[in-house]
Amino acid sequence: MAPDSRGTTPGTRPGVRVLVVGGGYVGMYTALRLQRKLKQRLKSGDAEIVVVTPEPYMTYQPFLPEAAAGSISPRHVVVPLRRVLKDCTIVIGEAQRVDHAKRTATVTTLATGEDGTGALEIGYDEIVIAPGSVSRTLPIPGLADFGIGFKTVEEAIGLRNHVIEQMDIASATRDPAIRDAALTFVFVGGGYAGVEALAELEDMARYTARYYHNIKPADLKWILVEASGRILPEVGETMGTYAIGELRSRNIDVRLETRLDTCEDRVAVLSDGSRFPTRTLVWTAGVKPAPLLAATDLPLTERGRLRCTATLGVEDMPHAWAAGDAAAVPDLTASEPGRETAPNAQHAVRQAKVLADNVLAAIDGRPLTEYRHAYAGSVASLGLHKGVAHVYGRKLKGYPAWLMHRTYHLSRVPTFNRKARVLAEWTLSGLFKREIVSLGSLEHPRAEFELAAGGSGSGTPGLPGPSRPKGPGEPPKDAGEPPGDGRTDS
């Protein structure tokens, strides 16, 4: 068996170890509250909190559209876990499976393939499983090859770079077909991610067009594809209908009750028969539970989420806890029985507080508390100074909704440090012009050096190199491939 990564002196064991799998909303907020409540025990060595996460930061996802549009710096969308959870043991790695019967989790880290010692076996007394979710894709021809996701900060910044590079291509090419495809942007999914990402990027691209001598805002073609008959269902039917009208007033083609059939050869073919040659297809059509859940001995629902009680414990599994996207939690405030809480950030943050308190109660032998929280409402941005909101029964649109969107999320982003930085950036962006620079070469930083050293210049095996003019004697790049498109496939 691989060594037990306990973070304590060999041969010793803390009085209790809480293992938190995941560093998102639930993972970070649960660990943060446990850190505060167990402060004295952590200092004395009677307790230990271990957080296993694939990234050393928590991403505040509601700010991804604004990061893509350049309104917020990428580094201010993320919260560094080592700074916030300074009394916890942070393990950067992936939990491959959980054997709750043995109270162990198998974890691979960045060093697993380097030191040859194999995966870590981390023992625990209490476990919080919060790995979040992953993009839900469908077996659509061409999607894996050409689709772009929008779930991580890397994808958001990559998409921003890609959109500006497509405008560069359209401005420089003499082929009308390439120009038309470069200026066509297709988004699949009418939920928060798809609508807000499209609206913010359309806003940015329309502004950026003023700096191109041969591109007008009317040349840009934006298409939103939604399989159901409405968008933004969280804000209600009235506000969803208003959002459709707002988008269409900006010449955004909103296609309801329409599906993407194929995107092979960079041509998006829709179920209504429409065909759009495009070099940008963004997939935001829902999420599914993280694969880790299927690699546990814990009970799952038919949708693959952990079956939980109202106290956020995994059903019939003492000492195992879950919340957020990974958990199917009964909604005690619902009028009809059998309903579950929605897998959104609003519930995840509030569940984390109850979950942490119940973990402490279980350790100390105290009664547990059930999670109850009535859904307060939703806010959505539709670009700069535009938005919709349905909060506590009140409906807002336009500038007031946009202002509420910013105010709400500023109040929810973790740490005062991040709040201050985001507020400062918003203030500065209101005083100065937008940044319209693409830094796509950041995704392949070694490409130029490899070219100078006689290599392929791809920067990373299998990935395209940076966008730049070819030197004398260099073979031309295939015009059908976007140079350095910064795509992160979903």
# chains A, B, ... in the order shown; residues from 1 in each chain; ligands from 1

call {"tool": "residues_around", "arguments": {"residues": "stretch 50-64 of chain A", "least_positions_apart": "6", "cutoff": "6 Å", "atoms": "only C-alpha atoms", "output": "PyMOL selection string"}}
result
chain A and resi 19-24+77-81+88-94

call {"tool": "closest_atom_pairs", "arguments": {"of": "stretch 148-265 of chain A", "to": "stretch 69-75 of chain A", "cutoff": "8 Å", "atoms": "only C-alpha atoms", "output": "JSON lines"}}
result
{"residue": "A:Val153", "atom": "CA", "partner": "A:Pro74", "partner_atom": "CA", "distance": 6.7}
{"residue": "A:Ile157", "atom": "CA", "partner": "A:Pro74", "partner_atom": "CA", "distance": 7.4}
{"residue": "A:Arg160", "atom": "CA", "partner": "A:Ala69", "partner_atom": "CA", "distance": 6.6}
{"residue": "A:Glu200", "atom": "CA", "partner": "A:Ala69", "partner_atom": "CA", "distance": 5.6}
{"residue": "A:Leu201", "atom": "CA", "partner": "A:Ala69", "partner_atom": "CA", "distance": 5.4}
{"residue": "A:Asp203", "atom": "CA", "partner": "A:Ala69", "partner_atom": "CA", "distance": 7.8}
{"residue": "A:Met204", "atom": "CA", "partner": "A:Ala69", "partner_atom": "CA", "distance": 5.7}

call {"tool": "closest_residue", "arguments": {"among": "A:Leu270, A:Ala320, A:Ala326, A:Ala361", "to": "A:Arg305", "atoms": "only C-alpha atoms"}}
result
A:Ala326

call {"tool": "closest_residue", "arguments": {"among": "A:Arg418, A:Arg250, A:Arg406, A:Arg275", "to": "A:Thr262", "atoms": "only C-alpha atoms"}}
result
A:Arg275

call {"tool": "residues_around", "arguments": {"residues": "A:Phe150", "least_positions_apart": "6", "cutoff": "9 Å", "atoms": "only C-alpha atoms", "output": "number ranges by chain"}}
result
A: 64-65, 135, 156, 159, 193-194, 197, 282-284, 488, 490

call {"tool": "select_by_dssp", "arguments": {"residues": "stretch 80-109 of chain A", "states": "alpha helix (DSSP H)", "output": "MDAnalysis selection string"}}
result
chainID A and resid 81:84

call {"tool": "closest_residue", "arguments": {"among": "A:Glu246, A:Asp175, A:Glu155, A:Asp168", "to": "A:Ala67", "atoms": "only C-alpha atoms"}}
result
A:Glu155
